[in-house]
$ cat entry-v2.cif   # mmCIF, C-alpha atoms
data_protein
#
loop_
_atom_site.group_PDB
_atom_site.id
_atom_site.type_symbol
_atom_site.label_atom_id
_atom_site.label_comp_id
_atom_site.auth_asym_id
_atom_site.auth_seq_id
_atom_site.Cartn_x
_atom_site.Cartn_y
_atom_site.Cartn_z
ATOM 1 C CA MET A 11 48.521 217.028 62.122
ATOM 2 C CA ARG A 12 50.546 219.156 59.696
ATOM 3 C CA VAL A 13 49.622 222.286 61.699
ATOM 4 C CA VAL A 14 50.697 220.656 64.970
ATOM 5 C CA ARG A 15 54.002 219.545 63.455
ATOM 6 C CA ALA A 16 54.590 223.058 62.111
ATOM 7 C CA ILE A 17 53.940 224.704 65.483
ATOM 8 C CA ARG A 18 56.141 222.155 67.227
ATOM 9 C CA GLY A 19 58.803 223.065 64.709
ATOM 10 C CA GLY A 20 58.728 226.730 65.807
ATOM 11 C CA MET A 21 55.979 228.344 63.715
ATOM 12 C CA LYS A 22 53.748 230.798 65.570
ATOM 13 C CA LYS A 23 50.024 230.048 65.853
ATOM 14 C CA SER A 24 49.044 233.223 63.942
ATOM 15 C CA HIS A 25 51.402 232.351 61.076
ATOM 16 C CA ALA A 26 50.135 228.757 61.022
ATOM 17 C CA ALA A 27 46.522 229.950 60.899
ATOM 18 C CA ARG A 28 47.253 232.108 57.844
ATOM 19 C CA ALA A 29 49.488 229.524 56.139
ATOM 20 C CA PHE A 30 47.050 226.603 56.480
ATOM 21 C CA GLY A 31 43.829 228.581 56.262
ATOM 22 C CA VAL A 32 42.439 227.519 59.627
ATOM 23 C CA SER A 33 41.206 229.378 62.700
ATOM 24 C CA ARG A 34 43.144 229.983 65.905
ATOM 25 C CA THR A 35 40.341 228.248 67.828
ATOM 26 C CA SER A 36 40.804 225.052 65.834
ATOM 27 C CA ILE A 37 44.569 225.177 66.412
ATOM 28 C CA ASP A 38 44.082 225.546 70.171
ATOM 29 C CA THR A 39 41.666 222.584 70.159
ATOM 30 C CA TRP A 40 44.114 220.397 68.214
ATOM 31 C CA LEU A 41 47.030 221.259 70.465
ATOM 32 C CA GLN A 42 44.959 220.507 73.544
ATOM 33 C CA LYS A 43 44.035 217.035 72.175
ATOM 34 C CA VAL A 44 47.673 216.281 71.438
ATOM 35 C CA GLU A 45 48.701 217.308 74.952
ATOM 36 C CA LEU A 46 46.088 214.922 76.363
ATOM 37 C CA GLY A 47 47.645 212.123 74.320
ATOM 38 C CA ASN A 48 44.678 211.756 71.919
ATOM 39 C CA ILE A 49 46.601 212.386 68.716
ATOM 40 C CA ASN A 50 44.563 209.783 66.787
ATOM 41 C CA SER A 51 41.523 212.032 67.073
ATOM 42 C CA LEU A 52 43.241 214.380 64.602
ATOM 43 C CA ARG A 53 43.043 211.755 61.835
ATOM 44 C CA SER A 54 40.382 212.414 59.227
ATOM 45 C CA GLN A 55 37.174 210.462 59.751
ATOM 46 C CA LYS A 56 34.817 209.103 57.126
ATOM 47 C CA ARG A 57 32.028 211.627 56.750
ATOM 48 C CA GLY A 58 28.340 210.918 56.572
ATOM 49 C CA ARG A 59 26.123 208.427 58.306
ATOM 50 C CA LYS A 60 27.819 205.259 59.492
ATOM 51 C CA PRO A 61 26.789 202.122 57.586
ATOM 52 C CA ARG A 62 24.106 200.195 59.408
ATOM 53 C CA CYS A 63 22.935 196.638 58.811
ATOM 54 C CA ARG A 64 19.213 196.526 58.159
ATOM 55 C CA LEU A 65 19.029 192.989 59.487
ATOM 56 C CA ALA A 66 18.501 192.166 63.130
ATOM 57 C CA GLY A 67 21.014 189.830 64.726
ATOM 58 C CA HIS A 68 18.720 186.782 64.620
ATOM 59 C CA GLU A 69 17.786 187.518 60.990
ATOM 60 C CA ALA A 70 21.454 187.640 59.937
ATOM 61 C CA ALA A 71 22.108 184.401 61.843
ATOM 62 C CA THR A 72 19.208 182.719 60.045
ATOM 63 C CA ALA A 73 20.525 183.842 56.657
ATOM 64 C CA VAL A 74 24.046 182.566 57.433
ATOM 65 C CA ARG A 75 22.701 179.193 58.565
ATOM 66 C CA LEU A 76 20.587 178.747 55.432
ATOM 67 C CA ILE A 77 23.409 179.746 53.080
ATOM 68 C CA THR A 78 25.792 177.360 54.856
ATOM 69 C CA ASP A 79 23.498 174.333 55.135
ATOM 70 C CA ARG A 80 21.262 174.561 52.064
ATOM 71 C CA CYS A 81 21.380 175.190 48.319
ATOM 72 C CA PRO A 82 19.018 177.793 46.826
ATOM 73 C CA ASP A 83 16.877 175.207 44.998
ATOM 74 C CA GLN A 84 16.333 173.367 48.291
ATOM 75 C CA LEU A 85 14.716 176.549 49.581
ATOM 76 C CA LYS A 86 12.563 176.798 46.408
ATOM 77 C CA LEU A 87 14.549 179.717 45.046
ATOM 78 C CA PRO A 88 15.138 179.906 41.258
ATOM 79 C CA PHE A 89 18.931 179.539 41.577
ATOM 80 C CA VAL A 90 21.426 176.676 41.696
ATOM 81 C CA LEU A 91 24.329 178.510 43.361
ATOM 82 C CA TRP A 92 24.487 181.123 46.095
ATOM 83 C CA THR A 93 25.017 184.378 44.198
ATOM 84 C CA ARG A 94 24.347 187.882 45.451
ATOM 85 C CA ALA A 95 21.038 187.848 43.584
ATOM 86 C CA ALA A 96 20.107 184.547 45.238
ATOM 87 C CA VAL A 97 20.914 185.896 48.692
ATOM 88 C CA ARG A 98 18.923 189.068 47.962
ATOM 89 C CA GLU A 99 15.949 186.854 47.077
ATOM 90 C CA LEU A 100 16.470 184.861 50.265
ATOM 91 C CA LEU A 101 16.431 187.993 52.414
ATOM 92 C CA ALA A 102 13.308 189.261 50.721
ATOM 93 C CA ASP A 103 11.546 185.915 51.129
ATOM 94 C CA ARG A 104 12.580 184.957 54.667
ATOM 95 C CA VAL A 105 13.038 188.226 56.563
ATOM 96 C CA ASP A 106 11.110 190.631 54.305
ATOM 97 C CA VAL A 107 14.112 192.918 53.759
ATOM 98 C CA ALA A 108 14.751 194.368 50.298
ATOM 99 C CA VAL A 109 18.347 195.448 49.683
ATOM 100 C CA PRO A 110 20.362 196.086 46.501
ATOM 101 C CA VAL A 111 22.870 193.552 45.202
ATOM 102 C CA TRP A 112 25.942 195.573 46.243
ATOM 103 C CA THR A 113 24.605 195.723 49.828
ATOM 104 C CA VAL A 114 24.199 191.941 49.784
ATOM 105 C CA GLY A 115 27.863 191.750 48.776
ATOM 106 C CA ARG A 116 28.851 193.792 51.841
ATOM 107 C CA TYR A 117 26.731 191.563 54.080
ATOM 108 C CA LEU A 118 28.334 188.401 52.685
ATOM 109 C CA LYS A 119 31.825 189.790 53.210
ATOM 110 C CA ARG A 120 30.949 190.785 56.772
ATOM 111 C CA TRP A 121 29.569 187.294 57.441
ATOM 112 C CA GLY A 122 32.786 185.645 56.246
ATOM 113 C CA PHE A 123 31.648 184.455 52.795
ATOM 114 C CA SER A 124 33.634 184.738 49.564
ATOM 115 C CA PRO A 125 32.891 183.611 45.961
ATOM 116 C CA GLN A 126 34.328 180.118 45.371
ATOM 117 C CA LYS A 127 34.085 177.311 42.845
ATOM 118 C CA PRO A 128 31.890 174.668 44.509
ATOM 119 C CA LEU A 129 32.720 170.978 44.706
ATOM 120 C CA ARG A 130 30.261 168.477 43.263
ATOM 121 C CA GLN A 131 28.579 165.894 45.444
ATOM 122 C CA ALA A 132 26.010 163.323 44.369
ATOM 123 C CA TYR A 133 22.561 163.240 45.979
ATOM 124 C CA GLU A 134 22.935 159.461 46.284
ATOM 125 C CA ARG A 135 25.986 159.769 48.555
ATOM 126 C CA ASP A 136 25.379 158.083 51.912
ATOM 127 C CA PRO A 137 26.939 160.147 54.738
ATOM 128 C CA VAL A 138 26.563 157.236 57.179
ATOM 129 C CA ALA A 139 28.551 154.941 54.890
ATOM 130 C CA VAL A 140 31.204 157.636 54.422
ATOM 131 C CA LYS A 141 31.529 158.106 58.179
ATOM 132 C CA ARG A 142 31.818 154.342 58.660
ATOM 133 C CA TRP A 143 34.539 154.202 55.990
ATOM 134 C CA LEU A 144 36.568 156.977 57.616
ATOM 135 C CA GLU A 145 36.190 155.793 61.207
ATOM 136 C CA GLU A 146 36.032 152.008 60.906
ATOM 137 C CA THR A 147 36.576 150.410 57.491
ATOM 138 C CA TYR A 148 39.713 152.183 56.285
ATOM 139 C CA PRO A 149 41.507 152.127 59.679
ATOM 140 C CA THR A 150 40.915 148.365 59.741
ATOM 141 C CA ILE A 151 42.355 148.000 56.220
ATOM 142 C CA ALA A 152 45.386 150.111 57.178
ATOM 143 C CA LYS A 153 46.061 148.013 60.292
ATOM 144 C CA ARG A 154 45.800 144.787 58.303
ATOM 145 C CA ALA A 155 48.142 146.133 55.631
ATOM 146 C CA LYS A 156 50.722 147.018 58.267
ATOM 147 C CA ARG A 157 50.387 143.655 59.982
ATOM 148 C CA GLU A 158 50.671 141.693 56.702
ATOM 149 C CA ASN A 159 53.334 143.970 55.186
ATOM 150 C CA ALA A 160 50.976 144.829 52.322
ATOM 151 C CA GLU A 161 50.977 148.005 50.240
ATOM 152 C CA ILE A 162 47.789 150.069 49.891
ATOM 153 C CA HIS A 163 47.078 151.293 46.354
ATOM 154 C CA TRP A 164 44.290 153.657 45.376
ATOM 155 C CA GLY A 165 42.991 153.063 41.867
ATOM 156 C CA ASP A 166 40.666 154.579 39.312
ATOM 157 C CA GLU A 167 40.099 154.768 35.575
ATOM 158 C CA MET A 168 39.012 157.600 33.327
ATOM 159 C CA GLY A 169 38.407 158.489 29.698
ATOM 160 C CA MET A 170 40.038 161.394 27.858
ATOM 161 C CA ARG A 171 38.816 163.168 24.719
ATOM 162 C CA SER A 172 40.657 165.184 22.129
ATOM 163 C CA ASP A 173 38.277 168.146 22.560
ATOM 164 C CA ASP A 174 38.937 168.552 26.301
ATOM 165 C CA GLN A 175 40.071 172.097 27.116
ATOM 166 C CA ALA A 176 41.584 173.351 30.358
ATOM 167 C CA GLY A 177 42.895 176.684 31.567
ATOM 168 C CA ARG A 178 42.494 180.201 30.198
ATOM 169 C CA SER A 179 44.401 182.361 27.763
ATOM 170 C CA TYR A 180 44.916 186.121 27.809
ATOM 171 C CA GLY A 181 43.416 188.066 24.942
ATOM 172 C CA ARG A 182 42.314 191.586 24.135
ATOM 173 C CA THR A 183 39.136 192.651 25.897
ATOM 174 C CA GLY A 184 36.136 191.692 23.807
ATOM 175 C CA GLN A 185 38.189 189.440 21.509
ATOM 176 C CA THR A 186 38.045 185.818 22.661
ATOM 177 C CA PRO A 187 41.297 183.977 21.852
ATOM 178 C CA VAL A 188 41.006 181.157 19.315
ATOM 179 C CA VAL A 189 42.943 177.908 19.786
ATOM 180 C CA GLU A 190 43.263 175.774 16.674
ATOM 181 C CA LYS A 191 42.691 172.068 17.306
ATOM 182 C CA THR A 192 41.759 169.153 15.115
ATOM 183 C CA GLY A 193 38.071 168.816 14.283
ATOM 184 C CA LYS A 194 38.319 165.045 14.610
ATOM 185 C CA ARG A 195 37.151 163.558 17.854
ATOM 186 C CA PHE A 196 39.041 160.662 19.361
ATOM 187 C CA SER A 197 39.655 159.385 22.836
ATOM 188 C CA CYS A 198 41.706 157.049 24.983
ATOM 189 C CA ASN A 199 41.390 155.603 28.448
ATOM 190 C CA MET A 200 43.634 155.274 31.457
ATOM 191 C CA ILE A 201 43.697 153.133 34.578
ATOM 192 C CA SER A 202 46.102 153.972 37.386
ATOM 193 C CA THR A 203 46.970 153.431 41.027
ATOM 194 C CA ILE A 204 48.955 155.542 43.489
ATOM 195 C CA THR A 205 50.267 155.068 47.021
ATOM 196 C CA ASN A 206 50.913 157.572 49.789
ATOM 197 C CA GLN A 207 54.632 156.789 49.383
ATOM 198 C CA GLY A 208 54.587 158.313 45.897
ATOM 199 C CA ARG A 209 54.429 155.161 43.794
ATOM 200 C CA LEU A 210 52.442 155.399 40.556
ATOM 201 C CA ALA A 211 51.353 152.578 38.219
ATOM 202 C CA PHE A 212 49.294 153.116 35.064
ATOM 203 C CA MET A 213 48.113 151.703 31.766
ATOM 204 C CA VAL A 214 46.873 153.750 28.810
ATOM 205 C CA PHE A 215 44.645 151.949 26.333
ATOM 206 C CA LYS A 216 42.271 152.733 23.469
ATOM 207 C CA GLU A 217 39.722 149.923 23.793
ATOM 208 C CA ARG A 218 36.691 149.966 26.067
ATOM 209 C CA PHE A 219 37.252 149.300 29.758
ATOM 210 C CA THR A 220 36.328 145.649 30.277
ATOM 211 C CA ALA A 221 37.120 142.807 32.665
ATOM 212 C CA GLN A 222 39.930 141.652 30.343
ATOM 213 C CA VAL A 223 41.538 145.103 30.488
ATOM 214 C CA MET A 224 41.162 145.188 34.265
ATOM 215 C CA ILE A 225 42.783 141.772 34.653
ATOM 216 C CA ALA A 226 45.647 142.753 32.344
ATOM 217 C CA PHE A 227 46.346 145.795 34.524
ATOM 218 C CA LEU A 228 46.134 143.750 37.732
ATOM 219 C CA ARG A 229 48.661 141.269 36.320
ATOM 220 C CA ARG A 230 51.077 144.110 35.627
ATOM 221 C CA LEU A 231 50.482 145.635 39.043
ATOM 222 C CA VAL A 232 51.182 142.354 40.847
ATOM 223 C CA LYS A 233 54.210 141.565 38.654
ATOM 224 C CA HIS A 234 55.937 144.813 39.632
ATOM 225 C CA SER A 235 55.057 144.620 43.327
ATOM 226 C CA ASP A 236 57.280 142.800 45.811
ATOM 227 C CA ARG A 237 54.575 142.966 48.494
ATOM 228 C CA LYS A 238 50.929 142.019 48.676
ATOM 229 C CA VAL A 239 48.661 144.732 47.234
ATOM 230 C CA PHE A 240 45.522 146.061 48.897
ATOM 231 C CA LEU A 241 43.801 147.872 46.022
ATOM 232 C CA ILE A 242 41.031 150.344 46.918
ATOM 233 C CA LEU A 243 38.586 151.150 44.106
ATOM 234 C CA ASP A 244 35.104 152.517 43.532
ATOM 235 C CA GLY A 245 32.120 150.283 42.777
ATOM 236 C CA HIS A 246 32.453 150.198 38.963
ATOM 237 C CA PRO A 247 30.674 147.078 37.569
ATOM 238 C CA VAL A 248 33.913 145.868 35.960
ATOM 239 C CA HIS A 249 35.646 145.858 39.359
ATOM 240 C CA ARG A 250 32.984 143.494 40.698
ATOM 241 C CA SER A 251 32.560 141.409 37.534
ATOM 242 C CA ARG A 252 32.623 137.614 37.662
ATOM 243 C CA LYS A 253 35.820 137.321 35.598
ATOM 244 C CA VAL A 254 37.721 139.745 37.833
ATOM 245 C CA THR A 255 36.407 138.044 40.972
ATOM 246 C CA HIS A 256 37.547 134.634 39.746
ATOM 247 C CA TRP A 257 40.984 135.986 38.837
ATOM 248 C CA LEU A 258 41.335 137.544 42.281
ATOM 249 C CA GLN A 259 40.444 134.262 43.955
ATOM 250 C CA ASP A 260 43.330 132.602 42.100
ATOM 251 C CA HIS A 261 45.721 135.379 43.217
ATOM 252 C CA ALA A 262 44.450 135.965 46.751
ATOM 253 C CA ALA A 263 47.979 135.762 48.167
ATOM 254 C CA GLU A 264 49.139 138.615 45.919
ATOM 255 C CA ILE A 265 46.272 141.085 45.769
ATOM 256 C CA GLU A 266 42.851 141.832 47.198
ATOM 257 C CA LEU A 267 40.291 144.522 46.436
ATOM 258 C CA HIS A 268 38.462 146.877 48.782
ATOM 259 C CA PHE A 269 35.679 149.227 47.727
ATOM 260 C CA LEU A 270 34.948 152.848 48.619
ATOM 261 C CA PRO A 271 31.433 153.992 49.598
ATOM 262 C CA SER A 272 29.191 154.638 46.598
ATOM 263 C CA TYR A 273 29.230 158.085 45.003
ATOM 264 C CA SER A 274 32.231 159.253 47.028
ATOM 265 C CA PRO A 275 35.014 160.112 44.544
ATOM 266 C CA GLU A 276 36.326 162.798 46.917
ATOM 267 C CA LEU A 277 37.637 159.978 49.145
ATOM 268 C CA ASN A 278 39.881 158.594 46.391
ATOM 269 C CA PRO A 279 43.361 160.197 46.083
ATOM 270 C CA ASP A 280 43.697 158.834 42.540
ATOM 271 C CA GLU A 281 41.050 161.344 41.431
ATOM 272 C CA TYR A 282 43.661 164.057 41.951
ATOM 273 C CA LEU A 283 45.987 162.295 39.521
ATOM 274 C CA ASN A 284 43.103 162.147 37.030
ATOM 275 C CA ASN A 285 42.519 165.885 37.385
ATOM 276 C CA ASP A 286 46.244 166.539 36.981
ATOM 277 C CA VAL A 287 46.414 164.506 33.764
ATOM 278 C CA LYS A 288 43.265 166.024 32.284
ATOM 279 C CA ALA A 289 44.377 169.566 33.054
ATOM 280 C CA ASN A 290 48.045 169.350 32.060
ATOM 281 C CA ALA A 291 48.517 166.385 29.729
ATOM 282 C CA VAL A 292 45.265 166.628 27.751
ATOM 283 C CA GLY A 293 43.564 169.985 28.225
ATOM 284 C CA ARG A 294 46.666 172.087 27.503
ATOM 285 C CA GLN A 295 47.885 170.047 24.514
ATOM 286 C CA ARG A 296 46.701 169.848 20.921
ATOM 287 C CA PRO A 297 47.102 166.233 19.762
ATOM 288 C CA ARG A 298 46.281 165.584 16.115
ATOM 289 C CA THR A 299 45.794 161.820 16.371
ATOM 290 C CA GLN A 300 44.850 159.238 18.935
ATOM 291 C CA ARG A 301 48.366 157.831 18.890
ATOM 292 C CA GLU A 302 49.823 161.270 19.600
ATOM 293 C CA MET A 303 47.349 161.779 22.431
ATOM 294 C CA MET A 304 48.207 158.439 24.046
ATOM 295 C CA ALA A 305 51.934 159.151 23.706
ATOM 296 C CA THR A 306 51.471 162.534 25.399
ATOM 297 C CA VAL A 307 49.548 161.001 28.308
ATOM 298 C CA ARG A 308 52.119 158.214 28.760
ATOM 299 C CA SER A 309 54.971 160.702 28.688
ATOM 300 C CA TYR A 310 53.276 162.864 31.311
ATOM 301 C CA LEU A 311 52.591 159.886 33.566
ATOM 302 C CA HIS A 312 56.201 158.717 33.239
ATOM 303 C CA SER A 313 57.305 162.160 34.384
ATOM 304 C CA ARG A 314 54.999 161.844 37.401
ATOM 305 C CA GLN A 315 56.501 158.429 38.193
ATOM 306 C CA ARG A 316 59.885 160.113 38.432
ATOM 307 C CA ARG A 317 58.442 162.669 40.893
ATOM 308 C CA PRO A 318 57.114 160.698 43.891
ATOM 309 C CA ASP A 319 57.097 163.955 45.868
ATOM 310 C CA VAL A 320 54.378 165.262 43.527
ATOM 311 C CA VAL A 321 52.323 162.095 43.918
ATOM 312 C CA LYS A 322 52.601 162.384 47.706
ATOM 313 C CA ARG A 323 51.189 165.902 47.528
ATOM 314 C CA TYR A 324 47.887 164.534 46.191
ATOM 315 C CA PHE A 325 47.361 163.121 49.678
ATOM 316 C CA LYS A 326 47.627 166.564 51.270
ATOM 317 C CA ALA A 327 44.232 167.612 49.942
ATOM 318 C CA LYS A 328 41.838 168.072 52.855
ATOM 319 C CA PRO A 329 39.385 165.228 51.962
ATOM 320 C CA ILE A 330 42.312 162.800 51.490
ATOM 321 C CA THR A 331 44.452 163.452 54.555
ATOM 322 C CA TYR A 332 42.963 160.401 56.248
ATOM 323 C CA ALA A 333 44.871 158.231 53.715
ATOM 324 C CA ALA A 334 48.216 160.052 53.959
ATOM 325 C CA ALA A 335 49.674 158.005 56.834
#
$ encode --input "entry-v2.cif" --output "structure tokens"
Amino acid sequence: MRVVRAIRGGMKKSHAARAFGVSRTSIDTWLQKVELGNINSLRSQKRGRKPRCRLAGHEAATAVRLITDRCPDQLKLPFVLWTRAAVRELLADRVDVAVPVWTVGRYLKRWGFSPQKPLRQAYERDPVAVKRWLEETYPTIAKRAKRENAEIHWGDEMGMRSDDQAGRSYGRTGQTPVVEKTGKRFSCNMISTITNQGRLAFMVFKERFTAQVMIAFLRRLVKHSDRKVFLILDGHPVHRSRKVTHWLQDHAAEIELHFLPSYSPELNPDEYLNNDVKANAVGRQRPRTQREMMATVRSYLHSRQRRPDVVKRYFKAKPITYAAA
């Protein structure tokens, strides 16, 4: 292309051949291609044999289907996650093709796979119950709430420990950074609810989560609500305890509970608040005492109460969009 530009600029072919160290025949060939409008043929091409997939089309399709629908241990492979080594073993076992790890990486990229942090899902999860919840149960609850002018809250509780650690820190290669924290172990608990309008209610406590604690939180929730509350929770034994049930019967005009399918935390938007608190209020702090830890968590939750736009964004996660409206 430089030769063609030079000749078009007025340089003679003989001078161009000497200046660029090429033959007159090559120059004539290049000029002819340009005149025919095929200038892209002058671009340098990758030399050597073109890469070729050693798998037939149906073999590649089988591998993609197995990687998408199964885990390695379900196929009796000695791996938990789909790594390049696991896929190499799969190819050797199912289609009798032996390829190096870096070739497996090229195949995975070509098939549209990328390394990702997997989500956890319990074996006990019932997909039929989840489908029923998404298509029947929750839409019915939402219609009732609208008809009765009730407010839907999503609730959950969690425990936090002083030795929780979140995030990463830069350090010199080969020298792992050291973060000084207290050697004492202490913990606290939190129960909270959120709505898709950005409302957040919470209670931080140090005792064990019991029916008395649950009732105390429900009293506070009802006291600060000017509408009836439809509270959606998981199937924790405390939520279904006799004391809580009796209390709810006495306050049926103010609040009622609904329960998510078993082993389906991904359907609860409040789990995203829990992750937020653990990552930013606990995991990135260094509390020295339980009191300091509880104060930090309360302060962080108060800041979230003042940011309903942040709370609303929890409902934009793909598994939760059904609850956003």
$ closest_atom_pairs --input "entry-v2.cif" --of "range 126-185 of chain A" --to "range 212-222 of chain A" --cutoff "12 Å" --atoms "only C-alpha atoms" --output "tab-separated table"
residue	atom	partner	partner_atom	distance
A:His163	CA	A:Phe212	CA	11.6
A:Trp164	CA	A:Phe212	CA	11.5
A:Gly165	CA	A:Phe212	CA	9.3
A:Asp166	CA	A:Phe212	CA	9.7
A:Glu167	CA	A:Phe219	CA	8.5
A:Met168	CA	A:Phe219	CA	9.2
A:Gly169	CA	A:Phe219	CA	9.3
A:Met170	CA	A:Lys216	CA	10.0
A:Arg171	CA	A:Lys216	CA	11.1
$ resolve_selection --input "entry-v2.cif" --expression "the PyMOL selection byres ((chain A and resi 261) around 12)" --output "PDB file with C-alpha atoms, keeping the file's coordinate frame"
ATOM      1  CA  ILE A 225      42.783 141.772  34.653  1.00  0.00           C
ATOM      2  CA  LEU A 228      46.134 143.750  37.732  1.00  0.00           C
ATOM      3  CA  ARG A 229      48.661 141.269  36.320  1.00  0.00           C
ATOM      4  CA  VAL A 232      51.182 142.354  40.847  1.00  0.00           C
ATOM      5  CA  LYS A 233      54.210 141.565  38.654  1.00  0.00           C
ATOM      6  CA  LYS A 238      50.929 142.019  48.676  1.00  0.00           C
ATOM      7  CA  VAL A 239      48.661 144.732  47.234  1.00  0.00           C
ATOM      8  CA  VAL A 254      37.721 139.745  37.833  1.00  0.00           C
ATOM      9  CA  THR A 255      36.407 138.044  40.972  1.00  0.00           C
ATOM     10  CA  HIS A 256      37.547 134.634  39.746  1.00  0.00           C
ATOM     11  CA  TRP A 257      40.984 135.986  38.837  1.00  0.00           C
ATOM     12  CA  LEU A 258      41.335 137.544  42.281  1.00  0.00           C
ATOM     13  CA  GLN A 259      40.444 134.262  43.955  1.00  0.00           C
ATOM     14  CA  ASP A 260      43.330 132.602  42.100  1.00  0.00           C
ATOM     15  CA  ALA A 262      44.450 135.965  46.751  1.00  0.00           C
ATOM     16  CA  ALA A 263      47.979 135.762  48.167  1.00  0.00           C
ATOM     17  CA  GLU A 264      49.139 138.615  45.919  1.00  0.00           C
ATOM     18  CA  ILE A 265      46.272 141.085  45.769  1.00  0.00           C
ATOM     19  CA  GLU A 266      42.851 141.832  47.198  1.00  0.00           C
ATOM     20  CA  LEU A 267      40.291 144.522  46.436  1.00  0.00           C
TER      21      LEU A 267
END
$ resolve_selection --input "entry-v2.cif" --expression "the PyMOL selection byres ((chain A and resi 136-142) around 8)" --output "CSV table (one decimal) with C-alpha atoms, keeping the file's coordinate frame"
chain,number,residue,atom,x,y,z
A,134,GLU,CA,22.9,159.5,46.3
A,135,ARG,CA,26.0,159.8,48.6
A,143,TRP,CA,34.5,154.2,56.0
A,144,LEU,CA,36.6,157.0,57.6
A,145,GLU,CA,36.2,155.8,61.2
A,146,GLU,CA,36.0,152.0,60.9
A,147,THR,CA,36.6,150.4,57.5
A,271,PRO,CA,31.4,154.0,49.6
A,272,SER,CA,29.2,154.6,46.6
A,273,TYR,CA,29.2,158.1,45.0
A,274,SER,CA,32.2,159.3,47.0
$ closest_residue --input "entry-v2.cif" --among "A:Ala26, A:Val223, A:Leu41, A:Val13" --to "His249 in chain A" --atoms "all atoms listed in the file"
A:Val223
$ atom_distance --input "entry-v2.cif" --atom1 "CA of Arg80 in chain A" --atom2 "CA of Ser124 in chain A"
16.2 Å
$ resolve_selection --input "entry-v2.cif" --expression "the PyMOL selection byres ((chain A and resi 310) around 12)" --output "PDB file with C-alpha atoms, in the frame of the given file"
ATOM      1  CA  LEU A 210      52.442 155.399  40.556  1.00  0.00           C
ATOM      2  CA  PHE A 212      49.294 153.116  35.064  1.00  0.00           C
ATOM      3  CA  VAL A 214      46.873 153.750  28.810  1.00  0.00           C
ATOM      4  CA  LEU A 283      45.987 162.295  39.521  1.00  0.00           C
ATOM      5  CA  ASN A 284      43.103 162.147  37.030  1.00  0.00           C
ATOM      6  CA  ASP A 286      46.244 166.539  36.981  1.00  0.00           C
ATOM      7  CA  VAL A 287      46.414 164.506  33.764  1.00  0.00           C
ATOM      8  CA  LYS A 288      43.265 166.024  32.284  1.00  0.00           C
ATOM      9  CA  ALA A 289      44.377 169.566  33.054  1.00  0.00           C
ATOM     10  CA  ASN A 290      48.045 169.350  32.060  1.00  0.00           C
ATOM     11  CA  ALA A 291      48.517 166.385  29.729  1.00  0.00           C
ATOM     12  CA  VAL A 292      45.265 166.628  27.751  1.00  0.00           C
ATOM     13  CA  ARG A 294      46.666 172.087  27.503  1.00  0.00           C
ATOM     14  CA  GLN A 295      47.885 170.047  24.514  1.00  0.00           C
ATOM     15  CA  MET A 303      47.349 161.779  22.431  1.00  0.00           C
ATOM     16  CA  MET A 304      48.207 158.439  24.046  1.00  0.00           C
ATOM     17  CA  ALA A 305      51.934 159.151  23.706  1.00  0.00           C
ATOM     18  CA  THR A 306      51.471 162.534  25.399  1.00  0.00           C
ATOM     19  CA  VAL A 307      49.548 161.001  28.308  1.00  0.00           C
ATOM     20  CA  ARG A 308      52.119 158.214  28.760  1.00  0.00           C
ATOM     21  CA  SER A 309      54.971 160.702  28.688  1.00  0.00           C
ATOM     22  CA  LEU A 311      52.591 159.886  33.566  1.00  0.00           C
ATOM     23  CA  HIS A 312      56.201 158.717  33.239  1.00  0.00           C
ATOM     24  CA  SER A 313      57.305 162.160  34.384  1.00  0.00           C
ATOM     25  CA  ARG A 314      54.999 161.844  37.401  1.00  0.00           C
ATOM     26  CA  GLN A 315      56.501 158.429  38.193  1.00  0.00           C
ATOM     27  CA  ARG A 316      59.885 160.113  38.432  1.00  0.00           C
ATOM     28  CA  ARG A 317      58.442 162.669  40.893  1.00  0.00           C
TER      29      ARG A 317
END
$ atom_distance --input "entry-v2.cif" --atom1 "CA of Pro88 in chain A" --atom2 "CA of Val111 in chain A"
16.2 Å
$ residues_near_point --input "entry-v2.cif" --point "(23.0, 184.2, 59.3)" --cutoff "12 Å" --atoms "only C-alpha atoms" --output "list in words"
Leu65, Ala66, Gly67, His68, Glu69, Ala70, Ala71, Thr72, Ala73, Val74, Arg75, Leu76, Ile77, Thr78, Asp79, Val97, Leu100, Leu101, Arg104, Val105, Tyr117, Leu118, Arg120, Trp121, Gly122 and Phe123 of chain A
$ closest_residue --input "entry-v2.cif" --among "A:Asp244, A:Asp106, A:Asp173, A:Asp280" --to "Arg64 in chain A" --atoms "all atoms listed in the file"
A:Asp106
$ atom_distance --input "entry-v2.cif" --atom1 "CA of Tyr282 in chain A" --atom2 "CA of Thr331 in chain A"
12.6 Å
$ decode --input "entry-v2.cif" --residues "range 249-253 of chain A" --atoms "N, CA and C atoms" --output "short mmCIF file (atom, residue, chain, number, x, y, z; two decimals), in the first residue's frame"
data_model
loop_
_atom_site.label_atom_id
_atom_site.label_comp_id
_atom_site.auth_asym_id
_atom_site.auth_seq_id
_atom_site.Cartn_x
_atom_site.Cartn_y
_atom_site.Cartn_z
N HIS A 249 -40.64 -17.60 61.72
CA HIS A 249 -41.73 -16.93 61.00
C HIS A 249 -43.04 -17.69 61.13
N ARG A 250 -42.95 -19.01 61.29
CA ARG A 250 -44.15 -19.84 61.36
C ARG A 250 -44.44 -20.31 62.78
N SER A 251 -43.72 -19.78 63.76
CA SER A 251 -43.87 -20.23 65.14
C SER A 251 -45.26 -19.93 65.68
N ARG A 252 -45.64 -20.63 66.74
CA ARG A 252 -46.97 -20.47 67.32
C ARG A 252 -47.17 -19.07 67.88
N LYS A 253 -46.16 -18.52 68.55
CA LYS A 253 -46.29 -17.18 69.14
C LYS A 253 -46.51 -16.13 68.06
#
